[in-house]
Each structure stands twice: as structure tokens, then as C-alpha cells.
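Q: Quick one: the structure is below, and I'll ask about it shortly.
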Amino acid sequence: MRSFPKAAIVLVFCSLVSATGWAQHLHCNPCRHGFGKVQVGKSESYSFVLTNTGTKNLTVNSKSMKGPGFSFGSVQLPAKLRPGASLQLPVIFSPTQKGQVSGTVKVTSTDPKSPLTLQLGGTGSLSSEAELDVTPATLNFGSVTVGTTASLKATLTASNGDVTISSDQTNSSEFVITGINFPVNVANGKSLKVSIQFTPNQSGKATAQAGFFSDAVNSPTIEQLTGKGIAQSQHEADLTWDSGDPNAVGYNIYRSGVHGGPYSQINSSLDSATSYTDYNVVGGSTYYYVATEVNNQGQESSYSNETSVTIPNN
């Protein structure tokens, strides 16, 4: 039988990889984008650049997205890209609520490594530019007597947008904010007046801060507070007299705020001395005094002559 030589079979495999890389490769640079702060109700856009870095034509087939507030801009797909050609893929961030969000975009193509994933991030803000300012920057109450209260007003003003104030606080019990109910809205360009009271509980300088918490970008808005507590004035009225009766065993002292009376007794028990100190006096007032003698029979004399004392203001 005649024999034939065996045929050599050579198998040739076509590789998708060229000497320099993939024949079809969809490349992104960058592959992530952060939109930063965007005010709710407004939008920011960004376009990813997708490039075919392979050696053969590539087709971008479809796109999909996950994440709240993100959407695509206008782009025509499918799209064919020659080697070295690029495609812009616009993405829009339109936050619907305050807070940080993230998202992803997936792009399918004829790249063997498809899909390509892009990362997104952004922060929704209720008032990205709105500020709450307070004037004056420092409230100085000056000198205030311990135990008494002084009140000054501060003005809160909204700028670059409406501001909602949710609460306030001071870091000292000597200072109290009054005249504001929460929550309160301050419209853009409008102002709100609040009262701050200073009631020192001891002598010496006092400093504190009042904070107003809001949805403004500069929350909390801080008001500096300062004042000085001074001790209460220690005034007294010292009275002396001569005894007119050798049998006197004691004296009663009477006082009035009006010349000539009527008078009220101010000693709680019979005073055996010929002097008396009245500590219950107020600065800036004038008092009128008389005294009587009581003998050993319990008989009380008529009023003495009247004397007056004017208490200084400080």
C-alpha cells in the first residue's frame, strides 16, 4: 500500500493582547470625582474622559449609575472609539437632602475587562453659603452690683441665604439669653434681636461666650461676653442721743421715709444704749428718725426731735 507523508498541522491562536497591551481597552483618568459641597436644589456637573488606549476600535455600549442625587448628562451610546480616541461622559450631582452621599457608574464596552467602574462622592448642604453674624462682636456689661441684673441686646443677621436657628447656650450661669423661641427662621438680609442678661454672683471680672446654633455654614455663631461684678454697697445710719430721764431703762427708735412721719419702730427689742445703727438702708434714699424713752414703769415718752440721714448712691 502506498503511504502518504503525514501532514503537519499548525494551530495559530489570535491573541487579544498586542505587544504593547490590550487590543481593546477603555481607560479612565481620573476614575473618581468628588463634587464637594453642593446646596440642595442646585447642581454641579463633571465629565469623565474615557479613552481607548488599545490598538483596535472599541465600542462603548451602555452606562448605569447607583447613588442618590447623581444623574447622567447628555451622551450618545453606543459609541465607537478608534485607538487613541476619547469620549466625555458627563455626570450631574443634584443633592436632595443634607449629608454626604456616594455613588458608582458602570460603563460596558467591548473591552475584555468590561465593565469599567467610576466612583462618585458629594455632600448636600442646606445653606452652603448662608452665614449668621452677631453684632456687636462683644457685649460689655461694665460694672454690675452682685445679685442685680443688667441686660443688653445683640443682633443676629442672616446673609447669603435664609438661616434657621435651632438653639442657644452660654457657658456661664451668670449670663442668660432671653427673648428668643426656637426654632426661628431669619430670612436672608434680615435681623433678629435677642437680650442677654448678666447677674454676677461674686465680685470680679466675668467672661463667657454665647453660642447660637443654626444651619449656617459658620454655626455656632459666637458672641463674646464680659462684665464685672462689684460688691453691694455697705451703708448704714449711725444714731446717738442723750438721755432725758435718769429713770430710763431703754429706748425705741422709729423711722420714716417722709419728713414728719408717720414713723415705724425699727428696733425689735428695747435698746438699753444711747446709740443705734440702722443697717437696712438703700443708697440714694433719705430717712427720718426719732427716738423715745421707756422708764422703769414701762411708760414711753413722746418722740424726740427728728433727725435725717441721706444715704449716698455708692
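Letters A, B, ... mark the chains of the C-alpha cells in the order given; residue numbers begin at 1 per chain; ligand numbers begin at 1, in order shown.
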Compile a residue-level contact table for segment 138-157 of chain A against segment 176-180 of chain A at a cut-off of 12 Å, reporting for every qualifying residue the shortest atom pair and its distance in Å to one decimal, with only C-alpha atoms counted, rows ordered by chain and ascending number, as CSV.

A:
```
residue,atom,partner,partner_atom,distance
A:Thr149,CA,A:Val176,CA,10.2
A:Ala150,CA,A:Val176,CA,10.5
A:Ser151,CA,A:Val176,CA,9.3
A:Leu152,CA,A:Ile177,CA,9.9
A:Lys153,CA,A:Thr178,CA,9.5
A:Ala154,CA,A:Ile177,CA,9.8
A:Thr155,CA,A:Ile180,CA,11.6
A:Leu156,CA,A:Ile180,CA,11.1
```

Q: Pull the strand (DSSP E) assignments for segment 217-313 of chain A out of DSSP run on the backbone, and list those residues as a ChimeraX atom specification.

A: /A:221-230,237-240,248-256,264-265,275-278,286-295,307-310

Q: I need the residues from that last selection saved to file as a compact mmCIF listing (two decimals), in the first residue's frame (with C-alpha atoms), if you can.

A:
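Ended up saving to part-v3.txt:
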```txt
# COMPACT_ATOMS: atom_id res chain seq x y z
CA THR A 221 -22.18 81.84 65.89
CA ILE A 222 -20.29 83.09 68.95
CA GLU A 223 -20.91 86.26 70.99
CA GLN A 224 -18.18 87.25 73.47
CA LEU A 225 -19.50 88.39 76.87
CA THR A 226 -17.74 90.34 79.59
CA GLY A 227 -18.65 92.22 82.73
CA LYS A 228 -17.52 92.96 86.26
CA GLY A 229 -19.28 92.09 89.49
CA ILE A 230 -18.94 94.63 92.31
CA ALA A 237 -27.07 105.11 109.51
CA ASP A 238 -25.47 105.70 112.93
CA LEU A 239 -27.68 107.42 115.54
CA THR A 240 -26.76 108.75 119.01
CA ALA A 248 -34.94 105.46 131.60
CA VAL A 249 -34.27 101.74 131.16
CA GLY A 250 -34.27 101.69 127.38
CA TYR A 251 -35.14 103.33 124.12
CA ASN A 252 -37.20 102.73 120.99
CA ILE A 253 -36.12 104.00 117.58
CA TYR A 254 -38.57 104.99 114.86
CA ARG A 255 -38.02 105.73 111.15
CA SER A 256 -39.93 107.27 108.25
CA SER A 264 -42.35 102.85 112.18
CA GLN A 265 -40.40 101.22 115.01
CA SER A 275 -26.95 104.71 120.19
CA TYR A 276 -28.34 102.64 117.33
CA THR A 277 -27.07 101.59 113.88
CA ASP A 278 -29.59 101.11 111.09
CA THR A 286 -33.25 109.84 102.82
CA TYR A 287 -34.52 108.59 106.18
CA TYR A 288 -36.07 110.50 109.12
CA TYR A 289 -35.54 109.23 112.70
CA VAL A 290 -36.98 109.89 116.15
CA ALA A 291 -36.47 108.08 119.49
CA THR A 292 -38.48 107.56 122.69
CA GLU A 293 -37.50 106.71 126.29
CA VAL A 294 -39.07 103.93 128.34
CA ASN A 295 -38.83 104.21 132.16
CA THR A 307 -33.08 113.93 112.55
CA SER A 308 -32.47 112.91 108.92
CA VAL A 309 -29.81 110.87 107.13
CA THR A 310 -29.23 110.77 103.34
```

Q: Measuring between only C-alpha atoms, which one of A:Ser64, A:Thr110, A:Asn52, A:Gln39 shows the shortest distance to Ser86 of chain A?

A: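 Going through A:Ser64, A:Thr110, A:Asn52, A:Gln39 one by one, the smallest distance to Ser86 of chain A is for A:Asn52.
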
Q: With only C-alpha atoms as the basis for distance, which of A:Phe175, A:Phe93, A:Phe198, A:Phe212 is at the shortest distance from Gly36 of chain A?

A: A:Phe93

Q: What lies within 8 Å of Ser62 of chain A using only C-alpha atoms, ignoring chain neighbours under 5 positions off, as number ranges by chain?

A: A: 77-78, 107-109

Q: Those residues with N, CA and C atoms, as a JSON list (two decimals), in the first residue's frame please?

A:
```json
[["chain", "number", "residue", "atom", "x", "y", "z"],
["A", 77, "LEU", "N", -24.93, 56.79, 23.17],
["A", 77, "LEU", "CA", -24.38, 55.44, 23.20],
["A", 77, "LEU", "C", -25.31, 54.51, 22.42],
["A", 78, "PRO", "N", -24.77, 53.48, 21.76],
["A", 78, "PRO", "CA", -23.34, 53.11, 21.74],
["A", 78, "PRO", "C", -22.49, 54.09, 20.94],
["A", 107, "VAL", "N", -19.64, 51.35, 33.13],
["A", 107, "VAL", "CA", -19.66, 51.54, 31.68],
["A", 107, "VAL", "C", -19.27, 50.21, 31.03],
["A", 108, "THR", "N", -20.17, 49.69, 30.19],
["A", 108, "THR", "CA", -19.86, 48.44, 29.49],
["A", 108, "THR", "C", -19.35, 48.75, 28.09],
["A", 109, "SER", "N", -18.44, 47.90, 27.61],
["A", 109, "SER", "CA", -17.82, 48.11, 26.30],
["A", 109, "SER", "C", -17.31, 46.78, 25.79]]
```
